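The data block below is query_24.txt; it holds compact mmCIF, C-alpha atoms.
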```txt
# COMPACT_ATOMS: atom_id res chain seq x y z
CA MET A 42 0.00 0.00 0.00
CA PRO A 43 1.74 3.17 -1.12
CA ARG A 44 1.21 6.02 1.27
CA ASN A 45 2.28 9.56 0.81
CA GLN A 46 2.39 12.84 2.56
CA GLU A 47 -0.87 14.17 1.13
CA GLU A 48 -2.70 11.18 2.52
CA ASN A 49 -1.26 11.69 5.95
CA GLU A 50 -2.26 15.34 5.83
CA ARG A 51 -5.69 14.26 4.79
CA ILE A 52 -6.03 11.90 7.72
CA ARG A 53 -4.76 14.57 10.09
CA ASN A 54 -7.17 17.18 8.78
CA LYS A 55 -10.09 14.80 8.90
CA THR A 56 -9.29 13.98 12.51
CA LYS A 57 -8.93 17.63 13.50
CA GLU A 58 -12.20 18.43 11.75
CA LYS A 59 -14.00 15.66 13.58
CA ILE A 60 -12.67 16.81 16.96
CA ILE A 61 -13.67 20.44 16.39
CA GLN A 62 -17.08 19.48 15.07
CA THR A 63 -17.73 17.22 18.07
CA ALA A 64 -16.47 19.80 20.55
CA MET A 65 -18.68 22.43 18.95
CA GLU A 66 -21.74 20.17 19.26
CA LEU A 67 -21.00 19.59 22.93
CA PHE A 68 -20.27 23.26 23.64
CA ILE A 69 -23.56 24.16 22.01
CA ARG A 70 -25.46 21.45 23.84
CA GLN A 71 -24.04 21.80 27.33
CA GLY A 72 -21.71 24.79 27.35
CA TYR A 73 -17.95 25.21 27.28
CA HIS A 74 -17.30 24.83 31.00
CA ALA A 75 -19.53 21.80 31.43
CA THR A 76 -17.76 19.95 28.62
CA SER A 77 -14.67 17.92 29.46
CA ILE A 78 -11.92 16.85 27.11
CA SER A 79 -12.83 13.24 27.92
CA ALA A 80 -16.39 13.89 26.80
CA VAL A 81 -15.17 15.35 23.50
CA ALA A 82 -12.81 12.41 22.91
CA ASN A 83 -15.52 9.95 23.83
CA GLU A 84 -18.12 11.51 21.58
CA ALA A 85 -15.61 11.74 18.71
CA GLY A 86 -14.82 8.04 19.17
CA ILE A 87 -11.12 8.55 19.83
CA SER A 88 -8.86 8.24 22.86
CA LYS A 89 -8.08 11.21 25.05
CA GLY A 90 -4.40 10.68 24.23
CA LEU A 91 -5.07 11.02 20.53
CA LEU A 92 -7.07 14.19 21.09
CA TYR A 93 -4.14 15.70 22.99
CA ASN A 94 -2.02 14.76 20.01
CA TYR A 95 -3.94 17.30 17.97
CA TYR A 96 -5.01 19.91 20.53
CA LYS A 97 -3.24 20.95 23.71
CA GLY A 98 -6.48 21.23 25.63
CA LYS A 99 -10.00 22.56 25.77
CA GLU A 100 -8.94 26.16 25.35
CA GLU A 101 -7.18 25.38 22.08
CA LEU A 102 -10.48 23.97 20.85
CA ILE A 103 -12.37 27.19 21.47
CA ALA A 104 -9.44 29.23 20.12
CA THR A 105 -9.55 27.18 16.90
CA MET A 106 -13.30 27.68 16.59
CA VAL A 107 -12.98 31.43 17.06
CA ASN A 108 -10.28 31.57 14.40
CA MET A 109 -12.48 29.62 12.02
CA ARG A 110 -15.37 31.97 12.76
CA ILE A 111 -13.26 35.04 12.09
CA GLN A 112 -12.17 33.54 8.81
CA ASN A 113 -15.73 32.75 7.77
CA VAL A 114 -16.94 36.25 8.59
CA ALA A 115 -13.97 37.79 6.79
CA GLU A 116 -14.69 35.62 3.74
CA VAL A 117 -18.18 37.11 3.41
CA ILE A 118 -16.87 40.68 3.38
CA GLU A 119 -13.96 39.78 1.10
CA GLY A 120 -16.36 37.98 -1.24
CA ALA A 121 -18.55 41.07 -1.28
CA ARG A 122 -15.60 43.35 -2.04
CA THR A 123 -14.79 41.40 -5.21
CA LEU A 124 -18.06 42.74 -6.70
CA LYS A 125 -18.00 46.00 -8.60
CA ASN A 126 -20.92 48.00 -7.26
CA PRO A 127 -21.35 48.90 -3.58
CA ASP A 128 -25.07 48.07 -3.69
CA LYS A 129 -24.24 44.60 -5.00
CA GLN A 130 -21.70 44.25 -2.23
CA LEU A 131 -24.31 45.04 0.42
CA LYS A 132 -26.74 42.61 -1.15
CA TYR A 133 -24.04 39.96 -1.05
CA ILE A 134 -23.43 40.59 2.65
CA ILE A 135 -27.14 40.41 3.44
CA GLU A 136 -27.65 37.20 1.51
CA HIS A 137 -24.62 35.41 2.89
CA ALA A 138 -25.10 36.53 6.47
CA ILE A 139 -28.72 35.42 6.45
CA HIS A 140 -27.96 32.19 4.63
CA ASN A 141 -25.25 31.23 7.13
CA VAL A 142 -27.55 31.73 10.10
CA TYR A 143 -30.37 29.90 8.38
CA LYS A 144 -28.05 26.96 7.61
CA GLU A 145 -26.71 26.66 11.17
CA PRO A 146 -28.75 28.78 13.58
CA GLN A 147 -27.22 27.00 16.57
CA VAL A 148 -23.72 27.98 15.45
CA PHE A 149 -24.72 31.62 15.20
CA ARG A 150 -26.21 31.41 18.69
CA PHE A 151 -23.03 29.83 19.99
CA TYR A 152 -20.83 32.70 18.82
CA LEU A 153 -23.36 35.30 19.86
CA HIS A 154 -23.37 33.76 23.30
CA LEU A 155 -19.58 33.76 23.32
CA GLN A 156 -19.62 37.46 22.56
CA THR A 157 -21.77 38.21 25.56
CA GLN A 158 -19.85 36.36 28.26
CA PRO A 159 -19.74 37.69 31.81
CA ILE A 160 -16.63 39.81 32.25
CA GLU A 161 -15.33 37.59 35.04
CA ASP A 162 -15.21 34.49 32.90
CA GLU A 163 -11.49 34.76 32.45
CA VAL A 164 -11.19 32.03 29.84
CA LEU A 165 -14.04 32.94 27.55
CA ILE A 166 -13.83 36.73 27.85
CA LYS A 167 -10.58 36.64 25.82
CA TYR A 168 -12.36 35.03 22.91
CA SER A 169 -15.34 37.24 23.40
CA GLN A 170 -13.08 40.24 22.91
CA ILE A 171 -11.36 38.74 19.89
CA LEU A 172 -14.75 38.31 18.20
CA ILE A 173 -15.88 41.82 19.12
CA GLU A 174 -12.66 43.34 17.78
CA GLU A 175 -12.92 41.39 14.57
CA ASN A 176 -16.52 42.52 14.11
CA ALA A 177 -15.37 46.10 14.58
CA ARG A 178 -12.74 45.58 11.88
CA GLN A 179 -15.36 44.22 9.50
CA PHE A 180 -17.59 47.15 10.36
CA GLU A 181 -14.91 49.58 9.15
CA ILE A 182 -14.82 47.87 5.76
CA GLN A 183 -18.60 47.98 5.65
CA CYS A 184 -18.47 51.74 6.30
CA GLN A 185 -16.27 52.11 3.23
CA ILE A 186 -18.96 50.38 1.18
CA PHE A 187 -21.50 52.93 2.39
CA GLU A 188 -19.09 55.74 1.56
CA GLU A 189 -18.73 54.37 -1.95
CA LEU A 190 -22.50 54.16 -2.12
CA GLY A 191 -22.52 57.95 -1.65
CA VAL A 192 -25.09 58.16 1.13
CA ASP A 193 -25.25 60.95 3.70
CA GLU A 194 -23.55 60.08 6.97
CA PRO A 195 -22.26 56.71 5.76
CA LYS A 196 -21.04 55.64 9.19
CA LYS A 197 -24.46 56.12 10.76
CA ARG A 198 -26.11 54.33 7.85
CA SER A 199 -23.62 51.46 8.18
CA LEU A 200 -24.39 51.19 11.87
CA TYR A 201 -28.10 51.10 11.15
CA PHE A 202 -27.46 48.41 8.51
CA SER A 203 -25.55 46.26 11.00
CA SER A 204 -28.23 46.73 13.64
CA THR A 205 -30.92 45.65 11.21
CA LEU A 206 -28.96 42.65 9.96
CA GLN A 207 -27.93 41.53 13.45
CA GLY A 208 -31.60 41.79 14.51
CA VAL A 209 -32.69 39.63 11.61
CA MET A 210 -29.99 37.08 12.38
CA LEU A 211 -30.96 36.94 16.03
CA MET A 212 -34.61 36.43 15.05
CA ILE A 213 -33.75 33.60 12.65
CA SER A 214 -31.59 31.83 15.21
CA THR A 215 -34.29 32.20 17.85
CA TYR A 216 -37.23 31.21 15.63
CA PRO A 217 -35.54 29.15 12.92
CA ASN A 218 -38.77 27.51 11.76
CA GLN A 219 -41.14 30.45 11.81
CA PHE A 220 -39.16 33.36 10.49
CA PRO A 221 -40.22 34.55 7.00
CA ILE A 222 -36.65 34.72 5.77
CA GLU A 223 -37.18 35.54 2.11
CA GLU A 224 -39.69 38.32 2.75
CA ILE A 225 -37.53 39.98 5.37
CA LYS A 226 -34.43 39.60 3.23
CA GLU A 227 -36.21 41.38 0.40
CA GLN A 228 -37.17 44.22 2.71
CA VAL A 229 -33.63 44.67 3.92
CA VAL A 230 -32.27 44.57 0.38
CA SER A 231 -34.77 47.12 -0.89
CA GLU A 232 -34.15 49.36 2.12
CA PHE A 233 -30.36 49.45 1.77
CA CYS A 234 -29.57 48.53 -1.80
CA ASP A 235 -32.37 49.49 -4.17
CA THR A 236 -33.16 53.02 -3.00
CA HIS A 237 -29.64 54.20 -3.62
CA LEU A 238 -29.44 52.79 -7.10
CA LYS A 239 -31.29 55.80 -8.35
CA MET B 195 19.69 5.33 15.26
CA ASP B 196 16.39 5.16 17.08
CA LEU B 197 14.52 2.61 14.96
CA HIS B 198 13.37 -0.70 16.38
CA TYR B 199 15.16 -3.63 14.73
CA GLU B 200 15.95 -7.31 15.23
CA THR B 201 18.87 -9.37 13.98
CA ARG B 202 18.77 -13.15 13.71
CA GLY B 203 20.93 -15.89 12.15
CA LYS B 204 24.40 -16.00 10.62
CA GLY B 205 25.65 -15.64 7.06
CA PRO B 206 25.20 -13.19 4.21
CA VAL B 207 23.05 -10.27 5.34
CA ILE B 208 19.46 -9.71 4.26
CA VAL B 209 17.50 -6.65 5.36
CA LEU B 210 13.71 -6.83 5.17
CA LEU B 211 11.65 -3.65 4.68
CA HIS B 212 7.97 -4.02 5.52
CA SER B 213 4.92 -2.73 3.68
CA GLY B 214 2.65 0.15 4.63
CA GLY B 215 -0.42 -0.92 6.58
CA VAL B 216 1.61 -3.43 8.61
CA ASP B 217 4.81 -3.54 10.66
CA MET B 218 7.87 -5.79 10.67
CA ARG B 219 5.79 -8.66 12.05
CA GLU B 220 4.68 -9.31 8.47
CA TRP B 221 8.03 -11.13 8.18
CA SER B 222 7.17 -13.55 11.02
CA TYR B 223 6.84 -16.52 8.65
CA LEU B 224 9.65 -15.75 6.24
CA VAL B 225 12.36 -15.00 8.82
CA PRO B 226 12.49 -18.51 10.40
CA LEU B 227 13.13 -19.90 6.90
CA LEU B 228 15.77 -17.34 5.93
CA VAL B 229 17.78 -17.63 9.16
CA LYS B 230 18.89 -21.10 8.07
CA HIS B 231 21.28 -19.44 5.60
CA PHE B 232 21.37 -15.73 6.30
CA LYS B 233 21.79 -13.06 8.89
CA VAL B 234 18.35 -11.44 8.76
CA ILE B 235 17.67 -7.89 9.88
CA THR B 236 14.09 -6.70 10.25
CA PHE B 237 13.07 -3.24 11.43
CA ASP B 238 10.02 -1.06 11.90
CA ALA B 239 9.87 2.04 9.71
CA ARG B 240 9.73 5.41 11.42
CA GLY B 241 6.30 5.93 12.96
CA VAL B 242 5.31 2.26 12.67
CA GLY B 243 5.35 -0.72 15.05
CA ASN B 244 7.84 -0.18 17.84
CA SER B 245 9.75 2.62 16.12
CA PRO B 246 9.20 6.21 17.30
CA SER B 247 6.97 8.65 15.42
CA PRO B 248 8.69 11.42 13.46
CA THR B 249 9.96 14.20 15.69
CA THR B 250 11.23 16.45 12.91
CA SER B 251 9.32 18.17 10.14
CA GLN B 252 10.90 15.94 7.51
CA VAL B 253 11.17 12.18 7.20
CA ASP B 254 13.66 10.52 4.89
CA TYR B 255 13.09 6.77 4.80
CA VAL B 256 16.10 6.20 2.52
CA ASP B 257 18.37 7.99 4.96
CA ASP B 258 16.82 6.00 7.83
CA LEU B 259 17.92 2.80 6.06
CA LEU B 260 21.42 4.19 5.49
CA LYS B 261 21.73 5.09 9.16
CA LEU B 262 20.55 1.63 10.20
CA LEU B 263 23.12 -0.12 7.98
CA ASP B 264 25.89 2.20 9.17
CA TYR B 265 24.89 1.66 12.77
CA LEU B 266 24.94 -2.11 12.30
CA GLU B 267 28.24 -1.79 10.38
CA GLU B 268 26.93 -3.65 7.36
CA PRO B 269 28.86 -2.49 4.27
CA GLN B 270 26.86 -4.54 1.79
CA VAL B 271 23.52 -6.32 2.10
CA SER B 272 20.68 -7.84 0.13
CA LEU B 273 17.48 -5.82 0.43
CA VAL B 274 14.01 -7.33 0.41
CA GLY B 275 11.39 -4.60 0.23
CA HIS B 276 7.63 -5.07 0.23
CA SER B 277 5.31 -2.35 -1.15
CA ILE B 278 6.53 1.01 0.20
CA GLY B 279 9.44 -0.97 1.66
CA GLY B 280 10.23 -1.84 -1.95
CA GLN B 281 10.01 1.81 -2.91
CA ILE B 282 12.57 2.65 -0.21
CA ALA B 283 14.82 -0.27 -1.24
CA THR B 284 14.71 0.85 -4.89
CA GLU B 285 15.67 4.42 -4.00
CA PHE B 286 18.45 3.12 -1.77
CA ALA B 287 19.82 0.85 -4.51
CA LEU B 288 19.81 3.78 -6.95
CA MET B 289 21.60 6.06 -4.51
CA TYR B 290 24.05 3.59 -2.92
CA PRO B 291 24.46 0.72 -5.43
CA GLU B 292 27.75 -0.29 -3.80
CA ARG B 293 25.87 -1.10 -0.59
CA VAL B 294 23.34 -3.43 -2.23
CA GLU B 295 24.28 -6.89 -3.42
CA ASN B 296 20.79 -8.06 -4.38
CA LEU B 297 17.57 -6.10 -4.66
CA ILE B 298 14.42 -8.13 -4.12
CA LEU B 299 11.15 -6.26 -4.50
CA ILE B 300 7.81 -7.71 -3.53
CA ALA B 301 4.91 -5.77 -5.11
CA PRO B 302 6.88 -2.54 -4.71
CA SER B 303 5.41 0.92 -4.90
CA LEU B 304 7.44 3.41 -6.89
CA SER B 305 7.89 7.15 -6.52
CA GLY B 306 6.64 9.03 -9.56
CA PHE B 307 4.30 6.23 -10.61
CA GLU B 308 0.83 7.49 -11.42
CA TYR B 309 -1.69 5.27 -9.63
CA SER B 310 -5.10 4.69 -11.18
CA HIS B 311 -8.16 6.73 -10.34
CA GLU B 312 -9.67 3.58 -8.89
CA PHE B 313 -6.79 3.10 -6.48
CA LYS B 314 -6.71 6.76 -5.43
CA LYS B 315 -10.42 6.60 -4.80
CA TYR B 316 -9.93 3.50 -2.65
CA LEU B 317 -7.28 5.28 -0.55
CA ASP B 318 -9.33 8.44 -0.38
CA ASN B 319 -12.32 6.57 1.03
CA ILE B 320 -10.13 5.16 3.77
CA ASN B 321 -8.65 8.56 4.63
CA GLN B 322 -12.09 10.15 4.65
CA ALA B 323 -13.14 7.78 7.42
CA ALA B 324 -10.53 9.18 9.84
CA PRO B 325 -10.47 9.16 12.82
CA ASP B 326 -12.84 6.17 12.92
CA ILE B 327 -10.22 3.40 13.04
CA ASN B 328 -12.73 0.57 12.80
CA LYS B 329 -14.11 2.03 9.62
CA MET B 330 -10.67 2.78 8.20
CA VAL B 331 -9.48 -0.77 8.84
CA ASP B 332 -12.67 -2.19 7.44
CA LEU B 333 -12.63 -0.11 4.24
CA SER B 334 -8.96 -0.79 3.70
CA LEU B 335 -9.12 -4.55 4.15
CA LYS B 336 -12.11 -4.77 1.84
CA GLY B 337 -9.72 -3.80 -0.95
CA SER B 338 -9.19 -6.47 -3.60
CA LEU B 339 -5.46 -6.52 -2.80
CA TYR B 340 -6.27 -8.19 0.55
CA LYS B 341 -8.83 -10.67 -0.72
CA VAL B 342 -6.66 -13.75 -0.28
CA VAL B 343 -5.22 -12.92 3.13
CA MET B 344 -8.65 -11.98 4.47
CA ALA B 345 -10.09 -15.32 3.39
CA GLY B 346 -7.39 -17.32 5.10
CA GLU B 347 -5.94 -18.20 8.47
CA HIS B 348 -3.93 -14.96 8.80
CA ARG B 349 -7.00 -12.77 8.74
CA ASP B 350 -6.96 -11.87 12.45
CA PHE B 351 -3.22 -11.17 12.41
CA MET B 352 -3.69 -8.92 9.39
CA VAL B 353 -6.55 -7.03 11.04
CA GLU B 354 -4.50 -6.59 14.20
CA MET B 355 -1.44 -5.25 12.36
CA HIS B 356 -3.60 -3.00 10.23
CA ARG B 357 -5.38 -1.55 13.24
CA LYS B 358 -2.07 -0.89 15.01
CA TYR B 359 -0.79 0.77 11.89
CA PHE B 360 -3.73 3.16 11.62
CA GLU B 361 -3.53 3.91 15.34
CA ARG B 362 0.04 5.03 14.75
CA VAL B 363 -0.78 7.00 11.60
CA LEU B 364 -3.41 8.99 13.49
CA GLN B 365 -0.77 9.95 16.04
CA TRP B 366 1.77 11.14 13.47
CA PRO B 367 2.56 14.83 13.52
CA ALA B 368 2.51 16.78 10.28
CA PHE B 369 5.71 16.02 8.38
CA GLU B 370 7.13 16.07 4.92
CA MET B 371 8.32 12.84 3.28
CA ILE B 372 11.60 13.38 1.50
CA TRP B 373 12.20 11.35 -1.65
CA PRO B 374 15.13 11.78 -4.03
CA ALA B 375 14.44 13.80 -7.18
CA PRO B 376 13.66 13.25 -9.96
CA PRO B 377 11.24 10.45 -8.99
CA ALA B 378 12.55 6.88 -9.22
CA ASN B 379 10.32 5.91 -12.15
CA LYS B 380 12.41 8.32 -14.26
CA ARG B 381 15.73 6.85 -13.08
CA LEU B 382 15.21 3.11 -13.37
CA THR B 383 17.55 2.96 -16.39
CA ASN B 384 20.30 3.70 -13.84
CA LEU B 385 19.40 0.68 -11.73
CA THR B 386 22.44 -1.60 -11.96
CA VAL B 387 21.91 -3.82 -8.93
CA LYS B 388 20.79 -7.38 -9.67
CA THR B 389 17.03 -7.26 -9.10
CA LEU B 390 14.27 -9.80 -8.51
CA LEU B 391 10.66 -8.70 -8.83
CA LEU B 392 8.03 -10.76 -7.05
CA ILE B 393 4.28 -10.24 -7.01
CA GLY B 394 1.13 -12.07 -6.09
CA GLY B 395 -0.90 -13.01 -9.15
CA VAL B 396 -4.10 -11.44 -7.80
CA ASP B 397 -2.51 -8.30 -6.32
CA PHE B 398 -4.05 -5.00 -7.42
CA LYS B 399 -3.43 -4.30 -11.10
CA ASP B 400 -1.57 -1.03 -10.42
CA ASN B 401 1.03 -3.03 -8.51
CA HIS B 402 1.46 -5.24 -11.57
CA ARG B 403 1.81 -2.12 -13.74
CA VAL B 404 4.58 -0.83 -11.45
CA LEU B 405 6.66 -3.90 -12.30
CA ASN B 406 6.57 -3.01 -16.02
CA CYS B 407 8.46 0.19 -15.19
CA PHE B 408 11.47 -1.96 -14.26
CA ASP B 409 11.79 -3.32 -17.82
CA VAL B 410 14.32 -0.57 -18.54
CA ALA B 411 16.70 -1.71 -15.78
CA SER B 412 19.65 -3.86 -16.84
CA ASP B 413 19.46 -6.94 -14.63
CA VAL B 414 15.92 -7.88 -13.67
CA CYS B 415 14.11 -11.19 -13.12
CA ASN B 416 10.37 -11.53 -12.60
CA TYR B 417 8.38 -14.15 -10.77
CA GLU B 418 4.67 -14.28 -10.07
CA ILE B 419 3.25 -16.17 -7.14
CA ILE B 420 -0.09 -17.41 -8.39
CA ASN B 421 -3.13 -17.10 -6.10
CA ALA B 422 -1.38 -14.64 -3.77
CA ASP B 423 -2.55 -11.07 -3.15
CA HIS B 424 -0.61 -8.12 -1.74
CA MET B 425 0.09 -9.97 1.52
CA VAL B 426 2.10 -12.72 -0.13
CA THR B 427 4.50 -12.40 2.83
CA LEU B 428 1.87 -13.85 5.16
CA THR B 429 0.25 -16.37 2.85
CA HIS B 430 3.16 -17.70 0.76
CA PRO B 431 6.37 -17.55 2.84
CA SER B 432 7.82 -20.83 1.48
CA GLU B 433 7.46 -19.70 -2.14
CA LEU B 434 9.08 -16.38 -1.27
CA TYR B 435 11.86 -18.19 0.57
CA GLU B 436 12.53 -20.44 -2.39
CA GLN B 437 12.61 -17.56 -4.88
CA ILE B 438 14.79 -15.38 -2.68
CA THR B 439 17.36 -18.05 -1.85
CA ASN B 440 17.60 -19.26 -5.46
CA PHE B 441 18.06 -15.73 -6.67
CA ILE B 442 20.75 -14.87 -4.13
CA LYS B 443 22.64 -18.14 -4.70
CA GLU B 444 22.71 -17.68 -8.49
```
Here is the file; what I need is its structure written in the form of structure tokens.
Amino acid sequence: MPRNQEENERIRNKTKEKIIQTAMELFIRQGYHATSISAVANEAGISKGLLYNYYKGKEELIATMVNMRIQNVAEVIEGARTLKNPDKQLKYIIEHAIHNVYKEPQVFRFYLHLQTQPIEDEVLIKYSQILIEENARQFEIQCQIFEELGVDEPKKRSLYFSSTLQGVMLMISTYPNQFPIEEIKEQVVSEFCDTHLK
Amino acid sequence: MDLHYETRGKGPVIVLLHSGGVDMREWSYLVPLLVKHFKVITFDARGVGNSPSPTTSQVDYVDDLLKLLDYLEEPQVSLVGHSIGGQIATEFALMYPERVENLILIAPSLSGFEYSHEFKKYLDNINQAAPDINKMVDLSLKGSLYKVVMAGEHRDFMVEMHRKYFERVLQWPAFEMIWPAPPANKRLTNLTVKTLLLIGGVDFKDNHRVLNCFDVASDVCNYEIINADHMVTLTHPSELYEQITNFIKE
């Protein structure tokens, strides 16, 4: 059986993926602090020793998740910025943000929850702050889009846009089965994109 | 030299290089036959069996073999390499021909050889199952190249070795495998060492195709062990013994 480096990488990545996915499920279900490394290993069907082979401990799991989250959020904005018109860029952000929450409402809730940790939770507050800072960075890029759109007080408009979108996302994650996604999406698009086309 | 090895018997020296998916125990049936005439050295490749996992970012199996032979103060040996062990033995014989008296390859893999889509797909399915070892072992041993061994008395031994192997693979750190360049399939015209190619008749067809690549080498014999699959070492040790000893005595 010939084996090569790519295959080993593949096996490693698959294993890491499985561990993170399992840890995320447990964190969502029972919370970060109530979840032990043994429980993650057990649920992932691997030994604790093997898990430690890939991650130093529980905190590295949450750190990895936060990094992945930051990447995913950044990808949406970067994807939007590849489009030519600012209104198209906003539409892209709306569609992708809403789609991502709709696809995995529990994941959105998980990160939202992480962002609102009590200040004295010394472990999680670090990651809470990382997420908040990253959101602020994305917000700056979003403000540029509004500037390019040529609206009055672009920063204020951008803030209103974020507030609206965050509200919609919170509603979807809270009422995933009842929220009229398409209708609301259309409203948001027409409010922020269409009116300024003229 | 941190690899796990064993030396048995007296006489001309033979070094056995095991296949992927198993460890040096695959030689358990061949070694007792060979020790009648030879000094036999078996070892576990880095990261397999009782040898340590890689601790550096690069692994060079050819250099590992060189270090083993230097450590054991063996200036010239016969190499018997199975599968990836055959790939390592081939590279070694190309790089240090003066250190190799006979090269015996059992269903060798070969760097630079383009494996079929079917075979890649088979491997990919196994890798996709990680880290579920049961599933990986199961998918792997369902491969046609293990059909004979899995139907016979060595089935449990094979499963056990395979499981151990995957347990080790999952523990490996990220590392780069270093192979000489250009790939061996482009350099086989330079292979001057006396070579014997052995293969099980019902081994995977890619492994048969690999053997054709050796046609360009100057001194090559072929022998097919009918009704054997990739694990000919477990199922047909006497035939292997006979072929190897005849070839070396020639």
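Residues from chain A found within 10 Å of chain B are Met42, Pro43, Arg44, Asn45, Gln46, Glu47, Glu48, Asn49, Glu50, Arg51, Ile52, Arg53, Asn54, Lys55, Thr56, Lys57, Glu58, Lys59, Ile60, Ala85, Gly86, Ile87, Gly90, Leu91, Leu92, Tyr93, Asn94 and Tyr95 of chain A, counting all atoms listed in the file.
When all atoms listed in the file are used to measure the gap to A:Phe68, the shortest distance among A:Tyr143, A:Tyr133, A:Phe151, A:Phe187 belongs to A:Phe151.
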Checklist entry - What does the distance between atom CA of B:Lys233 and atom CA of B:Gly275 come to in Å, to one decimal place? => result 16.0 Å
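Here atom CA of B:Thr383 stands at a distance of 22.3 Å from atom CA of B:Leu260.
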Next on the checklist: So that I can check the surroundings of B:Leu273, please list as a PyMOL selection string every protein, DNA and RNA residue that reaches within 7 Å of it, counting all atoms listed in the file and ignoring chain neighbours fewer than 6 positions away.
Outcome noted: chain B and resi 208-210+283+294+296-298
I need the chosen residues saved as a PDB file, in the coordinates of the input, with C-alpha atoms.
```pdb
ATOM      1  CA  ILE B 208      19.460  -9.710   4.260  1.00  0.00           C
ATOM      2  CA  VAL B 209      17.500  -6.650   5.360  1.00  0.00           C
ATOM      3  CA  LEU B 210      13.710  -6.830   5.170  1.00  0.00           C
ATOM      4  CA  ALA B 283      14.820  -0.270  -1.240  1.00  0.00           C
ATOM      5  CA  VAL B 294      23.340  -3.430  -2.230  1.00  0.00           C
ATOM      6  CA  ASN B 296      20.790  -8.060  -4.380  1.00  0.00           C
ATOM      7  CA  LEU B 297      17.570  -6.100  -4.660  1.00  0.00           C
ATOM      8  CA  ILE B 298      14.420  -8.130  -4.120  1.00  0.00           C
TER       9      ILE B 298
END
```
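Across the model, the gap from atom CA of A:Ile135 to atom CA of A:Lys226 is 7.3 Å.
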Checklist entry - Using only C-alpha atoms, which residue out of A:Val229, A:Ile186, A:Ala80, A:Ile171 lies closest to A:Ala104? => result A:Ile171
Next on the checklist: Which residues are near A:Leu102? Cut-off 9 Å, all atoms listed in the file, ignore same chain within fewer than 5 positions. Put them as number ranges by chain.
Outcome noted: A: 60-61, 64-65, 96-97, 107
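Distance check against B:Asp332 using only C-alpha atoms: of B:Met344, B:Val256, B:Ala422, B:Val229, the minimum falls on B:Met344.
You can rank A:Leu200, A:Arg70, A:Lys167, A:Lys125 by their closest distance to A:Arg150 using all atoms listed in the file, and at the top of that list sits A:Arg70.
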Checklist entry - If I put a ball of radius 12 Å at (-34.6, 49.7, 2.2) in the file's coordinates, which residues poke into it when counting all atoms listed in the file, written as a VMD selection string? => result chain A and resid 128 131 to 132 135 198 201 to 202 205 to 206 225 to 238
File dump, residues just selected, C-alpha atoms, as a CSV table (one decimal), in the frame of the given file:
```
chain,number,residue,atom,x,y,z
A,128,ASP,CA,-25.1,48.1,-3.7
A,131,LEU,CA,-24.3,45.0,0.4
A,132,LYS,CA,-26.7,42.6,-1.2
A,135,ILE,CA,-27.1,40.4,3.4
A,198,ARG,CA,-26.1,54.3,7.8
A,201,TYR,CA,-28.1,51.1,11.2
A,202,PHE,CA,-27.5,48.4,8.5
A,205,THR,CA,-30.9,45.6,11.2
A,206,LEU,CA,-29.0,42.6,10.0
A,225,ILE,CA,-37.5,40.0,5.4
A,226,LYS,CA,-34.4,39.6,3.2
A,227,GLU,CA,-36.2,41.4,0.4
A,228,GLN,CA,-37.2,44.2,2.7
A,229,VAL,CA,-33.6,44.7,3.9
A,230,VAL,CA,-32.3,44.6,0.4
A,231,SER,CA,-34.8,47.1,-0.9
A,232,GLU,CA,-34.2,49.4,2.1
A,233,PHE,CA,-30.4,49.4,1.8
A,234,CYS,CA,-29.6,48.5,-1.8
A,235,ASP,CA,-32.4,49.5,-4.2
A,236,THR,CA,-33.2,53.0,-3.0
A,237,HIS,CA,-29.6,54.2,-3.6
A,238,LEU,CA,-29.4,52.8,-7.1
```
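Residue nearest B:Arg357 within the list B:Asn328, B:Trp221, B:Lys380, B:Leu228: B:Asn328 [criterion: smallest interatomic distance, all atoms listed in the file].
With distances restricted to all atoms listed in the file, B:Asp423 is the closest residue to B:Ile393 from B:Glu354, B:Glu444, B:Asp423, B:Asp254.
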Checklist entry - Do you know which residues are at most 12 Å from B:Arg219 counting only C-alpha atoms, after dropping those on the same chain fewer than 6 positions away, and could you put them as a PyMOL selection string? => result chain B and resi 198-200+210-213+225+236-239+242-244+351-352+354-356+358-359+427-428
Next on the checklist: Here's a test: counting only C-alpha atoms, identify every protein, DNA and RNA residue with an atom at most 10 Å from (-20.6, 39.6, 4.7) in the file's coordinate frame, and state them as a PyMOL selection string.
Outcome noted: chain A and resi 113-122+130-139+141+179-180+183
Can you fill out stretch 358-362 of chain B with N, CA and C atoms and hand it back as a PDB file, in the coordinates of the input?
```pdb
ATOM      1  N   LYS B 358      -3.227  -1.510  14.353  1.00  0.00           N
ATOM      2  CA  LYS B 358      -2.070  -0.890  15.010  1.00  0.00           C
ATOM      3  C   LYS B 358      -1.468   0.194  14.120  1.00  0.00           C
ATOM      4  N   TYR B 359      -1.385  -0.160  12.845  1.00  0.00           N
ATOM      5  CA  TYR B 359      -0.790   0.770  11.890  1.00  0.00           C
ATOM      6  C   TYR B 359      -1.589   2.071  11.833  1.00  0.00           C
ATOM      7  N   PHE B 360      -2.910   1.947  11.715  1.00  0.00           N
ATOM      8  CA  PHE B 360      -3.730   3.160  11.620  1.00  0.00           C
ATOM      9  C   PHE B 360      -3.727   3.930  12.941  1.00  0.00           C
ATOM     10  N   GLU B 361      -3.643   3.211  14.044  1.00  0.00           N
ATOM     11  CA  GLU B 361      -3.530   3.910  15.340  1.00  0.00           C
ATOM     12  C   GLU B 361      -2.293   4.796  15.351  1.00  0.00           C
ATOM     13  N   ARG B 362      -1.197   4.242  14.812  1.00  0.00           N
ATOM     14  CA  ARG B 362       0.040   5.030  14.750  1.00  0.00           C
ATOM     15  C   ARG B 362      -0.087   6.194  13.780  1.00  0.00           C
TER      16      ARG B 362
END
```
